[in-house]
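Dumped my_file12.cif below, it's mmCIF, C-alpha atoms and all ligand atoms:
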data_structure
loop_
_atom_site.label_atom_id
_atom_site.label_comp_id
_atom_site.auth_asym_id
_atom_site.auth_seq_id
_atom_site.Cartn_x
_atom_site.Cartn_y
_atom_site.Cartn_z
CA MET A 4 -13.02 -12.77 -13.04
CA LYS A 5 -12.80 -11.20 -9.61
CA ASP A 6 -13.47 -7.53 -8.85
CA ALA A 7 -10.57 -5.30 -7.98
CA ILE A 8 -10.38 -1.87 -6.41
CA VAL A 9 -7.05 -0.10 -6.55
CA PHE A 10 -5.54 2.51 -4.24
CA LEU A 11 -2.79 4.63 -5.75
CA GLY A 12 -0.74 7.18 -3.91
CA ILE A 13 2.73 7.99 -2.76
CA GLN A 14 4.07 6.35 0.40
CA GLY A 15 2.59 8.10 3.42
CA SER A 16 -0.63 9.11 1.65
CA GLY A 17 -2.67 6.78 3.90
CA LYS A 18 -3.75 4.47 1.08
CA GLY A 19 -3.05 1.38 3.21
CA THR A 20 -5.41 2.56 5.93
CA GLN A 21 -8.19 3.39 3.47
CA ALA A 22 -7.70 0.13 1.55
CA GLU A 23 -8.05 -1.84 4.81
CA LEU A 24 -11.15 0.09 5.91
CA LEU A 25 -12.86 -0.35 2.55
CA ALA A 26 -11.96 -4.06 2.38
CA GLN A 27 -13.61 -4.56 5.80
CA HIS A 28 -16.74 -2.66 4.76
CA ILE A 29 -17.36 -4.60 1.54
CA GLY A 30 -15.86 -7.99 2.48
CA PHE A 31 -13.00 -7.93 -0.01
CA LEU A 32 -9.46 -9.12 0.62
CA HIS A 33 -6.96 -6.33 1.28
CA VAL A 34 -3.70 -7.09 -0.49
CA ASN A 35 -0.58 -5.08 0.23
CA ILE A 36 2.26 -6.28 -1.95
CA GLY A 37 4.92 -4.79 0.33
CA ASP A 38 3.55 -6.73 3.31
CA LEU A 39 3.33 -9.94 1.26
CA LEU A 40 6.96 -9.55 0.25
CA ARG A 41 8.12 -8.78 3.81
CA GLU A 42 6.18 -11.83 5.01
CA GLN A 43 8.14 -13.98 2.56
CA VAL A 44 11.37 -12.49 3.88
CA SER A 45 10.50 -13.21 7.52
CA LEU A 46 9.33 -16.74 6.67
CA GLY A 47 12.70 -17.28 4.99
CA THR A 48 11.22 -18.63 1.76
CA GLU A 49 13.06 -18.83 -1.53
CA ILE A 50 11.17 -15.78 -2.79
CA GLY A 51 11.99 -14.02 0.49
CA ALA A 52 15.70 -14.55 0.01
CA GLU A 53 15.44 -13.22 -3.53
CA VAL A 54 13.63 -10.00 -2.64
CA LYS A 55 15.32 -9.22 0.71
CA SER A 56 18.19 -7.16 -0.64
CA ILE A 57 15.96 -5.55 -3.29
CA ILE A 58 13.52 -4.28 -0.64
CA GLN A 59 16.29 -3.02 1.63
CA LYS A 60 17.69 -0.95 -1.23
CA GLY A 61 14.22 0.54 -1.75
CA GLU A 62 13.91 -0.96 -5.23
CA LEU A 63 10.90 -2.67 -6.81
CA ALA A 64 10.53 -6.45 -6.70
CA PRO A 65 10.52 -8.29 -10.08
CA ASP A 66 7.08 -8.61 -11.72
CA GLU A 67 7.05 -12.41 -11.93
CA VAL A 68 7.61 -12.59 -8.16
CA VAL A 69 4.79 -10.12 -7.45
CA PHE A 70 2.33 -11.77 -9.88
CA GLY A 71 3.10 -15.20 -8.42
CA LEU A 72 2.39 -14.00 -4.88
CA ILE A 73 -0.90 -12.40 -5.89
CA ASP A 74 -2.14 -15.52 -7.67
CA THR A 75 -1.24 -17.80 -4.75
CA ARG A 76 -2.92 -15.52 -2.23
CA LEU A 77 -6.21 -15.13 -4.10
CA GLU A 78 -6.92 -18.62 -5.43
CA ALA A 79 -9.60 -19.71 -2.95
CA CYS A 80 -10.64 -16.39 -1.49
CA CYS A 81 -13.35 -13.73 -1.58
CA ASP A 82 -15.27 -12.09 -4.44
CA GLY A 83 -12.87 -9.24 -4.78
CA VAL A 84 -9.63 -7.59 -3.85
CA VAL A 85 -8.57 -4.17 -2.67
CA PHE A 86 -5.02 -3.58 -3.90
CA ASP A 87 -2.68 -1.18 -2.20
CA GLY A 88 0.87 -0.84 -3.42
CA PHE A 89 -0.08 -2.47 -6.73
CA PRO A 90 0.19 -1.80 -9.62
CA ARG A 91 3.40 0.22 -9.52
CA THR A 92 4.24 0.15 -13.20
CA LEU A 93 2.31 0.27 -16.49
CA PHE A 94 3.25 -3.36 -17.12
CA GLN A 95 1.64 -4.34 -13.80
CA ALA A 96 -1.40 -2.21 -14.63
CA GLU A 97 -1.90 -4.15 -17.88
CA PHE A 98 -1.60 -7.43 -15.93
CA LEU A 99 -4.27 -6.17 -13.55
CA MET A 100 -6.68 -5.20 -16.35
CA HIS A 101 -6.34 -8.69 -17.88
CA HIS A 102 -6.84 -10.63 -14.64
CA TYR A 103 -9.50 -8.62 -12.82
CA ARG A 104 -12.59 -6.53 -13.39
CA VAL A 105 -11.24 -3.23 -12.13
CA THR A 106 -14.20 -1.21 -10.81
CA ARG A 107 -12.53 1.73 -9.07
CA VAL A 108 -9.12 3.36 -8.84
CA TYR A 109 -8.65 5.83 -6.01
CA TYR A 110 -5.72 8.20 -6.13
CA LEU A 111 -4.80 9.76 -2.78
CA ASP A 112 -3.14 13.00 -3.73
CA LEU A 113 -0.30 14.21 -1.48
CA LYS A 114 2.53 16.72 -1.94
CA LYS A 115 6.05 15.24 -2.11
CA SER A 116 7.39 17.21 0.88
CA GLU A 117 4.45 16.19 3.08
CA ALA A 118 4.85 12.56 2.01
CA ILE A 119 8.52 12.47 3.03
CA GLN A 120 7.69 14.05 6.39
CA ARG A 121 4.98 11.47 7.06
CA ILE A 122 7.15 8.47 6.16
CA GLN A 123 10.21 9.63 8.12
CA GLY A 124 8.62 9.41 11.58
CA ARG A 125 7.00 6.04 11.01
CA ILE A 126 7.60 3.30 13.60
CA VAL A 127 6.02 -0.14 13.75
CA CYS A 128 5.46 -2.75 16.49
CA SER A 129 7.73 -5.79 16.19
CA GLN A 130 5.03 -8.04 17.71
CA CYS A 131 1.60 -6.99 16.41
CA GLY A 132 2.55 -4.80 13.43
CA THR A 133 0.63 -1.70 14.60
CA ASN A 134 1.93 1.54 13.08
CA PHE A 135 2.84 4.61 15.11
CA HIS A 136 4.36 7.95 14.14
CA LEU A 137 6.90 9.96 16.16
CA ARG A 138 5.08 13.22 15.42
CA ASN A 139 1.51 12.42 14.32
CA HIS A 140 0.70 9.33 16.39
CA PRO A 141 3.32 8.78 19.12
CA PRO A 142 3.05 5.82 21.54
CA GLN A 143 2.30 6.61 25.20
CA LYS A 144 5.66 5.12 26.28
CA LYS A 145 8.64 5.83 24.04
CA GLY A 146 9.56 2.80 21.94
CA ILE A 147 6.77 0.61 23.36
CA CYS A 148 3.54 -0.48 21.64
CA ASP A 149 0.33 0.83 23.31
CA LEU A 150 -1.59 -2.32 22.38
CA CYS A 151 0.70 -5.24 23.18
CA GLY A 152 3.82 -3.84 24.85
CA GLY A 153 6.03 -4.95 21.98
CA LYS A 154 9.16 -3.03 20.91
CA LEU A 155 8.74 -0.36 18.23
CA PHE A 156 11.26 -0.06 15.42
CA THR A 157 11.91 1.77 12.15
CA ARG A 158 11.60 -0.59 9.22
CA GLY A 159 14.75 -1.12 7.14
CA ASP A 160 13.00 0.29 4.11
CA ASP A 161 12.13 3.47 6.04
CA SER A 162 15.77 4.60 6.24
CA PRO A 163 16.29 8.13 4.78
CA SER A 164 18.10 6.87 1.66
CA ALA A 165 15.48 4.17 0.99
CA ILE A 166 12.70 6.76 1.43
CA GLN A 167 14.34 9.13 -1.08
CA LYS A 168 14.65 6.24 -3.56
CA ARG A 169 11.04 5.16 -3.12
CA VAL A 170 9.76 8.70 -3.56
CA ALA A 171 11.86 9.08 -6.70
CA ALA A 172 10.59 5.70 -7.99
CA PHE A 173 7.02 6.84 -7.37
CA TYR A 174 7.41 9.92 -9.51
CA GLU A 175 9.43 8.14 -12.19
CA GLU A 176 7.28 5.07 -12.66
CA THR A 177 4.05 5.00 -10.72
CA PHE A 178 2.78 8.51 -11.37
CA ILE A 179 2.03 7.69 -15.02
CA LEU A 180 -0.49 5.13 -13.77
CA LYS A 181 -2.65 8.05 -12.80
CA SER A 182 -2.96 9.03 -16.48
CA PHE A 183 -3.39 5.40 -17.52
CA PHE A 184 -6.50 4.95 -15.36
CA GLU A 185 -7.66 8.51 -15.95
CA ASN A 186 -7.80 7.81 -19.69
CA LYS A 187 -9.98 4.77 -19.00
CA GLY A 188 -12.35 6.93 -16.93
CA MET A 189 -11.69 4.93 -13.76
CA LEU A 190 -9.71 7.38 -11.66
CA ILE A 191 -11.11 9.18 -8.64
CA THR A 192 -8.74 11.67 -7.03
CA LEU A 193 -9.06 12.33 -3.30
CA PRO A 194 -7.12 14.83 -1.16
CA ALA A 195 -4.87 12.79 1.19
CA THR A 196 -4.75 15.71 3.64
CA LYS A 197 -8.34 14.98 4.74
CA SER A 198 -8.81 13.01 7.96
CA ILE A 199 -9.03 9.21 7.91
CA LYS A 200 -12.74 9.39 8.78
CA GLU A 201 -13.51 12.01 6.09
CA LEU A 202 -11.77 9.95 3.41
CA GLU A 203 -13.51 6.76 4.55
CA THR A 204 -16.90 8.50 4.22
CA MET A 205 -16.06 9.95 0.78
CA ILE A 206 -15.03 6.51 -0.51
CA LEU A 207 -18.09 4.72 0.90
CA GLU A 208 -20.40 7.31 -0.66
CA ASP A 209 -18.66 6.87 -3.98
CA ILE A 210 -18.96 3.07 -3.83
CA LYS A 211 -22.70 3.33 -3.14
CA LEU A 212 -23.12 5.64 -6.12
CA GLY A 213 -21.44 2.99 -8.29
ZN ZN B 301 2.08 -4.21 19.37
#
If you took the structure in this file and wrote it as structure tokens, what would it be?
Amino acid sequence: MKDAIVFLGIQGSGKGTQAELLAQHIGFLHVNIGDLLREQVSLGTEIGAEVKSIIQKGELAPDEVVFGLIDTRLEACCDGVVFDGFPRTLFQAEFLMHHYRVTRVYYLDLKKSEAIQRIQGRIVCSQCGTNFHLRNHPPQKKGICDLCGGKLFTRGDDSPSAIQKRVAAFYEETFILKSFFENKGMLITLPATKSIKELETMILEDIKLG
């Protein structure tokens, strides 16, 4: 059974950044389910066609699709995984507990209003995938990526109505995961308002303690 570390948090809490940093530090694979699904869409696979409209509406992809993608991706890989964007439901959490040795669950705590503000200005490079933010991390030239010169765009699932739906889905379904892992004594809550560097340090110190 492989090790798994989970990052929970509302969209915009920075869990993707921290998951990636931690995965690099400890040599685990960083798995973002949203990115995996979008990759399927852009590759035009059968799964991609199935989830395309679901993602655009801001709804959750079916569990069997998500589980299938995870299994395929991890078959011949590293000792462990850092999950971000998974699990999103209690059913997925149970799946996780049966398939992995879950060692840590980090919850990046962020107020709803701040989360919406962070997501709304998000823009991404069409070529290299680098994220920018209209207010917090603007590119030097409007609409152009600093790194590769590619065009920046707002993702379809970052439209205002899709954001509202995702935020609502988070509170309706995913928030109970916090209690689920808390009851198992696995949950570590971190303030998402800290800087990227501060959070990175807090997480690395915690890992060493474990
Ligand atoms: Zn770029």
Show me, as CSV, the residues of chain A having an atom within 9 Å of ligand ZN 301 (chain B), each with the closest atom pair and its distance in Å, using all atoms listed in the file.
residue,atom,partner,partner_atom,distance
A:Val127,CA,B:ZN301,ZN,8.0
A:Cys128,CA,B:ZN301,ZN,4.7
A:Ser129,CA,B:ZN301,ZN,6.7
A:Gln130,CA,B:ZN301,ZN,5.1
A:Cys131,CA,B:ZN301,ZN,4.1
A:Gly132,CA,B:ZN301,ZN,6.0
A:Thr133,CA,B:ZN301,ZN,5.6
A:Asn134,CA,B:ZN301,ZN,8.5
A:Ile147,CA,B:ZN301,ZN,7.8
A:Cys148,CA,B:ZN301,ZN,4.6
A:Asp149,CA,B:ZN301,ZN,6.6
A:Leu150,CA,B:ZN301,ZN,5.1
A:Cys151,CA,B:ZN301,ZN,4.2
A:Gly152,CA,B:ZN301,ZN,5.8
A:Gly153,CA,B:ZN301,ZN,4.8
A:Lys154,CA,B:ZN301,ZN,7.3
A:Leu155,CA,B:ZN301,ZN,7.8
Exercise. Atom CA of Val69 of chain A to atom CA of Arg41 of chain A: how many Å, to one decimal?
Worked result: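 Atom CA of Arg41 of chain A lies at a distance of 11.8 Å from atom CA of Val69 of chain A.
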Exercise. Between A:Arg91, A:His101, A:Arg107, A:Arg76, which is the closest to Glu62 of chain A once you count all atoms listed in the file?
Worked result: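 So, comparing all the options, the nearest one is A:Arg91.
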For this session: Give as a ChimeraX atom specification each residue that has an atom at most 9 Å from (10.7, -7.4, -5.5) in the file, counting only C-alpha atoms.
Result: /A:37,40,50,53-58,62-69
For this session: Tell me which of A:Tyr110, A:Thr177, A:Ile126, A:Lys168 sits closest to Phe156 of chain A, counting only C-alpha atoms.
Result: A:Ile126
Exercise. Which protein, DNA or RNA residues have an atom at most 12 Å from (3.9, 13.2, 4.0), counting all atoms listed in the file? List them as a PyMOL selection string.
Worked result: chain A and resi 12-18+111-125+136+138-139+166+170+195-196
Problem set entry | Selected residue, from A:Val85, A:Gln59, A:Glu175, A:Ile73, that lies nearest to Pro163 of chain A when counting all atoms listed in the file |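 Between A:Val85, A:Gln59, A:Glu175, A:Ile73, the residue approaching Pro163 of chain A most closely is A:Gln59.
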Problem set entry | Contacts of Ile179 of chain A at 9 Å (only C-alpha atoms; same-chain gap of 4+ positions) as a list of chain:residue names |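 Counting only the stated atoms, we get A:Thr92, A:Leu93, A:Tyr174, A:Glu175, A:Phe183, A:Phe184.
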For this session: For Tyr103 of chain A, list every protein, DNA or RNA residue within 12 Å, evaluated using all atoms listed in the file, and leave out those in the same chain fewer than 4 positions away; present the list as a VMD selection string.
Result: chain A and resid 4 to 9 73 to 74 77 82 to 86 95 to 99 107
Exercise. With all atoms listed in the file as the atoms that count, which of A:Pro194, A:Gly51, A:Gly19, A:Pro142 lies nearest to Leu72 of chain A?
Worked result: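 Closest to Leu72 of chain A, using all atoms listed in the file: A:Gly51.
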Exercise. Hey, can you check how far atom CA of Arg169 of chain A sits from atom CA of Arg104 of chain A?
Worked result: 28.3 Å
Exercise. Which residue out of A:Lys200, A:Lys60, A:Lys145, A:Lys211 has the minimum interatomic distance to Ala172 of chain A when all atoms listed in the file are used?
Worked result: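 Result for the nearest residue to Ala172 of chain A: A:Lys60.
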Exercise. Suppose you want the space between atom CA of Ser45 of chain A and atom CA of Thr157 of chain A; what is it in Å?
Worked result: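 Straight-line distance from atom CA of Ser45 of chain A to atom CA of Thr157 of chain A works out to 15.7 Å.
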Exercise. Restricting the calculation to all atoms listed in the file, which member of A:Met189, A:Ala171, A:Leu212, A:Ala26 is positioned closest to Asp87 of chain A?
Worked result: A:Ala26
Axis-aligned box over every listed atom of segment 181-190 of chain A, padded by 5 Å per side: centre and edges in Å to one decimal, as AutoDock Vina command-line options?
--center_x -7.5 --center_y 6.9 --center_z -15.7 --size_x 19.7 --size_y 14.3 --size_z 18.0
